[in-house]
Amino acid sequence: MQVIKDQYIFKFSKDNEPIAHATDGEVLRFLTRDCFNCQITSEEQTMETIDFEACNPATGPVFVENAEPGDVLAVDILDISVADHGVVATVKGFGVLSERGVNRTKILPVRDGYVHFNDIKFPAVPMIGVIGTASDEKTVISGFSFNGGGNMDSRKITKGTTVYFPVRVPGALLAMGDVHAAMGDGEVCETGVEINADILVRVRVIKHFKLNWPVTETDDVWFVNTNGVNCDVAIQRGYEEMLRLVSNAYGWDITDSTMYLSLQALVEANQAVLDPNETDDEGPVFRVGVPKLASKPRLIP
Ligand code: CA
Ligand code: ZN
């Protein structure tokens, strides 16, 4: 099996040289570094001391053969193993609560499937924070999100789910990193349990299917992941894309599909720290979901 490791991108760009080629259907292992690029090794180091330009390394990119613009790249998340400790940190200016406390770093043990925090423990549910494909029109730093993925920070991107990406450049140029052993919706201090990881995925190409934003498929829900300059814009984009997918797959017109979303949709925050943002790419990321229905076609074939 190919192991994708040791080379990292800090921007999603069509100009990144692929470090490996994969065939349609191939299973790959990605070794990823934590979002600090392993710059934090002790609790004495607070976040303002690190180099932010060196953060959010994404391992890759991988060129997937047969993936052409207009196709969809499906990434089945087969497994995510994490290291035995991760880092959570607060720093002034990160997140809406940052003025309430001090800059602090905690190294959290991850043992026997649990994250240990202060005098409690809670289940580790490893998720991939940064995962994406290249854009044909812009370069996006890996700390931000865009319509090819990037720092989506969805706690739904876990073992057993599939993430679908629009392919906008030949080979798609898949890269990933920034695993969290656990994260809350919204990620209010801008860090989860930041951790090194070993990820097993299968890549598949779905020919000629239009997708405008990445979609996550869980056991029972389809989620569209969208970002925007603020929450309203991000959520509206999610509704628009879900409306299109539901209407196309279920054969309902826009009005019936709108009614259905009004009756059954989920709206959840991936990452919504409510900083004032200058551009879309810096803005919050949401997921709009609908239940998977056995009696209806899949939203993505
Ligand atoms: Ca992240
Ligand atoms: Zn992270």
# chains A, B, ... in the order shown; residues from 1 in each chain; ligands from 1
call {"tool": "residues_around", "arguments": {"residues": "Val115 of chain A", "least_positions_apart": "2", "cutoff": "12 Å", "atoms": "only C-alpha atoms", "output": "ChimeraX atom specification"}}
result
/A:82-88,106-113,117-126,180-183,192-195
call {"tool": "closest_atom_pairs", "arguments": {"of": "chain A", "to": "ligand 1", "cutoff": "8 Å", "atoms": "only C-alpha atoms and all ligand atoms", "output": "JSON lines"}}
result
{"residue": "A:Cys35", "atom": "CA", "partner": "ligand 1", "partner_atom_place_in_ligand_line": "1 (Ca)", "distance": 6.8}
{"residue": "A:Asn56", "atom": "CA", "partner": "ligand 1", "partner_atom_place_in_ligand_line": "1 (Ca)", "distance": 7.3}
{"residue": "A:Gly129", "atom": "CA", "partner": "ligand 1", "partner_atom_place_in_ligand_line": "1 (Ca)", "distance": 4.6}
{"residue": "A:Val130", "atom": "CA", "partner": "ligand 1", "partner_atom_place_in_ligand_line": "1 (Ca)", "distance": 6.0}
{"residue": "A:Gly143", "atom": "CA", "partner": "ligand 1", "partner_atom_place_in_ligand_line": "1 (Ca)", "distance": 6.6}
{"residue": "A:Asn151", "atom": "CA", "partner": "ligand 1", "partner_atom_place_in_ligand_line": "1 (Ca)", "distance": 5.2}
{"residue": "A:Met152", "atom": "CA", "partner": "ligand 1", "partner_atom_place_in_ligand_line": "1 (Ca)", "distance": 6.9}
{"residue": "A:Asp153", "atom": "CA", "partner": "ligand 1", "partner_atom_place_in_ligand_line": "1 (Ca)", "distance": 5.1}
{"residue": "A:Asp178", "atom": "CA", "partner": "ligand 1", "partner_atom_place_in_ligand_line": "1 (Ca)", "distance": 5.8}
{"residue": "A:Val179", "atom": "CA", "partner": "ligand 1", "partner_atom_place_in_ligand_line": "1 (Ca)", "distance": 7.8}
{"residue": "A:Glu190", "atom": "CA", "partner": "ligand 1", "partner_atom_place_in_ligand_line": "1 (Ca)", "distance": 7.3}
{"residue": "A:Thr191", "atom": "CA", "partner": "ligand 1", "partner_atom_place_in_ligand_line": "1 (Ca)", "distance": 6.8}
{"residue": "A:Gly192", "atom": "CA", "partner": "ligand 1", "partner_atom_place_in_ligand_line": "1 (Ca)", "distance": 7.6}
call {"tool": "select_by_dssp", "arguments": {"residues": "segment 1-235 of chain A", "states": "alpha helix (DSSP H)", "output": "list in words"}}
result
Cys231, Asp232, Val233, Ala234 and Ile235 of chain A
call {"tool": "write_last_selection", "arguments": {"atoms": "N, CA and C atoms", "output": "short mmCIF file (atom, residue, chain, number, x, y, z; two decimals), in the first residue's frame"}}
result
data_model
loop_
_atom_site.label_atom_id
_atom_site.label_comp_id
_atom_site.auth_asym_id
_atom_site.auth_seq_id
_atom_site.Cartn_x
_atom_site.Cartn_y
_atom_site.Cartn_z
N CYS A 231 -21.94 33.69 8.96
CA CYS A 231 -22.79 32.51 9.12
C CYS A 231 -23.95 32.51 8.13
N ASP A 232 -24.58 33.66 7.94
CA ASP A 232 -25.74 33.72 7.04
C ASP A 232 -25.36 33.27 5.63
N VAL A 233 -24.25 33.77 5.14
CA VAL A 233 -23.82 33.44 3.78
C VAL A 233 -23.47 31.95 3.70
N ALA A 234 -22.74 31.46 4.71
CA ALA A 234 -22.34 30.06 4.70
C ALA A 234 -23.57 29.15 4.69
N ILE A 235 -24.54 29.45 5.53
CA ILE A 235 -25.74 28.60 5.63
C ILE A 235 -26.58 28.69 4.36
#
call {"tool": "closest_residue", "arguments": {"among": "A:Ala89, A:Val62, A:Ala175, A:Leu293", "to": "ligand 2", "atoms": "only C-alpha atoms and all ligand atoms"}}
result
A:Ala89
call {"tool": "residues_around", "arguments": {"residues": "Arg29 of chain A", "least_positions_apart": "3", "cutoff": "8 Å", "atoms": "only C-alpha atoms", "output": "NGL selection string"}}
result
:A and (1-4 or 198-201)
call {"tool": "residues_around", "arguments": {"residues": "Leu299 of chain A", "least_positions_apart": "3", "cutoff": "7 Å", "atoms": "only C-alpha atoms", "output": "MDAnalysis selection string"}}
result
chainID A and resid 245:246 249
call {"tool": "write_last_selection", "arguments": {"atoms": "N, CA, C and O atoms", "output": "CSV table (one decimal), in the first residue's frame"}}
result
chain,number,residue,atom,x,y,z
A,245,LEU,N,-29.3,19.4,-5.0
A,245,LEU,CA,-29.1,17.9,-4.9
A,245,LEU,C,-30.4,17.2,-4.7
A,245,LEU,O,-30.6,16.2,-5.3
A,246,VAL,N,-31.2,17.7,-3.7
A,246,VAL,CA,-32.4,17.0,-3.4
A,246,VAL,C,-33.4,17.0,-4.6
A,246,VAL,O,-34.0,16.0,-5.0
A,249,ALA,N,-32.1,14.6,-7.3
A,249,ALA,CA,-32.2,13.2,-7.0
A,249,ALA,C,-33.6,12.7,-6.8
A,249,ALA,O,-33.9,11.6,-7.2
call {"tool": "residues_around", "arguments": {"residues": "Leu173 of chain A", "least_positions_apart": "6", "cutoff": "12 Å", "atoms": "only C-alpha atoms", "output": "ChimeraX atom specification"}}
result
/A:9,11-22,58-69,73,131-136,148-150,165-167,203
call {"tool": "write_last_selection", "arguments": {"atoms": "N, CA and C atoms", "output": "short mmCIF file (atom, residue, chain, number, x, y, z; two decimals), in the first residue's frame"}}
result
data_model
loop_
_atom_site.label_atom_id
_atom_site.label_comp_id
_atom_site.auth_asym_id
_atom_site.auth_seq_id
_atom_site.Cartn_x
_atom_site.Cartn_y
_atom_site.Cartn_z
N ILE A 9 1.61 20.45 2.09
CA ILE A 9 1.27 21.72 1.45
C ILE A 9 0.68 22.64 2.51
N LYS A 11 -0.94 25.44 1.15
CA LYS A 11 -1.94 26.09 0.30
C LYS A 11 -2.53 25.04 -0.61
N PHE A 12 -3.84 25.09 -0.83
CA PHE A 12 -4.44 24.27 -1.87
C PHE A 12 -4.29 25.05 -3.18
N SER A 13 -3.56 24.47 -4.12
CA SER A 13 -3.27 25.17 -5.37
C SER A 13 -3.11 24.17 -6.50
N LYS A 14 -3.57 24.58 -7.68
CA LYS A 14 -3.40 23.71 -8.85
C LYS A 14 -1.94 23.59 -9.25
N ASP A 15 -1.10 24.49 -8.71
CA ASP A 15 0.33 24.47 -9.05
C ASP A 15 1.15 23.56 -8.15
N ASN A 16 0.55 22.97 -7.12
CA ASN A 16 1.32 22.04 -6.27
C ASN A 16 1.68 20.79 -7.06
N GLU A 17 2.94 20.38 -6.93
CA GLU A 17 3.40 19.16 -7.59
C GLU A 17 2.89 17.95 -6.82
N PRO A 18 2.23 17.00 -7.48
CA PRO A 18 1.81 15.79 -6.76
C PRO A 18 3.01 15.01 -6.23
N ILE A 19 2.86 14.45 -5.03
CA ILE A 19 3.94 13.64 -4.48
C ILE A 19 3.68 12.15 -4.68
N ALA A 20 2.50 11.82 -5.19
CA ALA A 20 2.18 10.42 -5.49
C ALA A 20 1.02 10.39 -6.48
N HIS A 21 0.90 9.26 -7.16
CA HIS A 21 -0.23 9.03 -8.05
C HIS A 21 -1.02 7.85 -7.51
N ALA A 22 -2.34 7.94 -7.56
CA ALA A 22 -3.19 6.84 -7.11
C ALA A 22 -4.12 6.44 -8.24
N ALA A 58 -0.87 20.03 5.26
CA ALA A 58 -1.72 18.96 4.70
C ALA A 58 -0.81 18.03 3.91
N THR A 59 -0.84 16.77 4.23
CA THR A 59 0.02 15.80 3.56
C THR A 59 -0.48 15.57 2.13
N GLY A 60 0.44 15.66 1.17
CA GLY A 60 0.06 15.48 -0.23
C GLY A 60 0.70 16.56 -1.08
N PRO A 61 0.11 16.86 -2.26
CA PRO A 61 -1.13 16.26 -2.76
C PRO A 61 -0.91 14.98 -3.55
N VAL A 62 -1.99 14.23 -3.67
CA VAL A 62 -2.01 13.00 -4.47
C VAL A 62 -2.81 13.26 -5.74
N PHE A 63 -2.23 12.86 -6.85
CA PHE A 63 -2.90 12.94 -8.16
C PHE A 63 -3.69 11.64 -8.34
N VAL A 64 -4.99 11.75 -8.49
CA VAL A 64 -5.82 10.54 -8.67
C VAL A 64 -6.10 10.37 -10.16
N GLU A 65 -5.61 9.28 -10.69
CA GLU A 65 -5.78 9.04 -12.12
C GLU A 65 -7.26 8.90 -12.47
N ASN A 66 -7.59 9.40 -13.65
CA ASN A 66 -8.97 9.32 -14.16
C ASN A 66 -9.88 10.41 -13.56
N ALA A 67 -9.37 11.20 -12.62
CA ALA A 67 -10.18 12.30 -12.07
C ALA A 67 -9.99 13.53 -12.93
N GLU A 68 -11.06 13.97 -13.57
CA GLU A 68 -11.02 15.10 -14.49
C GLU A 68 -12.01 16.17 -14.04
N PRO A 69 -11.75 17.42 -14.40
CA PRO A 69 -12.72 18.46 -14.06
C PRO A 69 -14.13 18.06 -14.51
N LEU A 73 -14.57 13.36 -6.76
CA LEU A 73 -13.65 12.45 -6.07
C LEU A 73 -14.29 12.04 -4.75
N ILE A 131 -9.06 18.76 4.70
CA ILE A 131 -9.06 17.77 3.61
C ILE A 131 -9.65 18.46 2.39
N GLY A 132 -8.98 18.31 1.25
CA GLY A 132 -9.51 19.02 0.10
C GLY A 132 -8.78 18.72 -1.19
N THR A 133 -9.32 19.31 -2.25
CA THR A 133 -8.80 19.20 -3.60
C THR A 133 -8.51 20.61 -4.10
N ALA A 134 -7.75 20.71 -5.17
CA ALA A 134 -7.33 22.04 -5.63
C ALA A 134 -8.42 22.75 -6.42
N SER A 135 -8.39 24.07 -6.32
CA SER A 135 -9.29 24.92 -7.11
C SER A 135 -8.65 25.21 -8.46
N ASP A 136 -9.48 25.42 -9.47
CA ASP A 136 -8.94 25.81 -10.78
C ASP A 136 -8.77 27.33 -10.87
N GLY A 148 -13.52 23.74 -2.47
CA GLY A 148 -12.83 22.46 -2.69
C GLY A 148 -12.53 21.76 -1.37
N GLY A 149 -12.96 22.33 -0.27
CA GLY A 149 -12.73 21.72 1.05
C GLY A 149 -11.78 22.57 1.87
N GLY A 150 -10.59 22.03 2.18
CA GLY A 150 -9.66 22.77 3.04
C GLY A 150 -10.00 22.56 4.51
N PHE A 165 -15.76 15.34 -3.21
CA PHE A 165 -15.21 16.66 -3.59
C PHE A 165 -15.45 16.90 -5.07
N PRO A 166 -15.76 18.16 -5.43
CA PRO A 166 -15.75 18.50 -6.85
C PRO A 166 -14.31 18.39 -7.37
N VAL A 167 -14.13 17.80 -8.54
CA VAL A 167 -12.80 17.78 -9.16
C VAL A 167 -12.73 18.99 -10.09
N VAL A 203 -9.77 6.07 -2.47
CA VAL A 203 -10.20 7.14 -3.38
C VAL A 203 -10.93 6.52 -4.57
#
call {"tool": "residues_around", "arguments": {"residues": "Phe94 of chain A", "least_positions_apart": "3", "cutoff": "12 Å", "atoms": "only C-alpha atoms", "output": "PDB file with C-alpha atoms, in the first residue's frame"}}
result
ATOM      1  CA  MET A  47       0.235  29.605  20.861  1.00  0.00           C
ATOM      2  CA  GLU A  48       1.474  33.170  20.332  1.00  0.00           C
ATOM      3  CA  ALA A  89      -4.666  25.883  23.289  1.00  0.00           C
ATOM      4  CA  THR A  90      -6.216  29.301  23.752  1.00  0.00           C
ATOM      5  CA  VAL A  91      -4.718  32.539  22.471  1.00  0.00           C
ATOM      6  CA  LEU A  97     -14.264  33.917  24.111  1.00  0.00           C
ATOM      7  CA  SER A  98     -10.591  34.761  23.778  1.00  0.00           C
ATOM      8  CA  GLU A  99     -10.820  37.944  25.853  1.00  0.00           C
ATOM      9  CA  ARG A 100     -12.348  35.993  28.721  1.00  0.00           C
ATOM     10  CA  GLY A 101      -9.290  33.963  29.695  1.00  0.00           C
ATOM     11  CA  VAL A 102      -5.534  33.759  29.259  1.00  0.00           C
ATOM     12  CA  ASN A 103      -3.262  32.134  26.709  1.00  0.00           C
ATOM     13  CA  GLU A 187     -14.506  24.932  17.709  1.00  0.00           C
ATOM     14  CA  VAL A 188     -14.862  28.047  19.823  1.00  0.00           C
ATOM     15  CA  CYS A 189     -11.196  28.584  20.793  1.00  0.00           C
ATOM     16  CA  GLU A 190     -10.069  27.539  17.283  1.00  0.00           C
ATOM     17  CA  THR A 191      -8.374  24.348  18.422  1.00  0.00           C
ATOM     18  CA  ALA A 272     -17.989  29.209  13.642  1.00  0.00           C
ATOM     19  CA  VAL A 273     -15.779  31.292  15.847  1.00  0.00           C
ATOM     20  CA  LEU A 274     -17.472  34.499  14.760  1.00  0.00           C
ATOM     21  CA  ASP A 275     -14.376  36.585  14.120  1.00  0.00           C
ATOM     22  CA  PRO A 276     -14.958  39.518  11.801  1.00  0.00           C
TER      23      PRO A 276
END
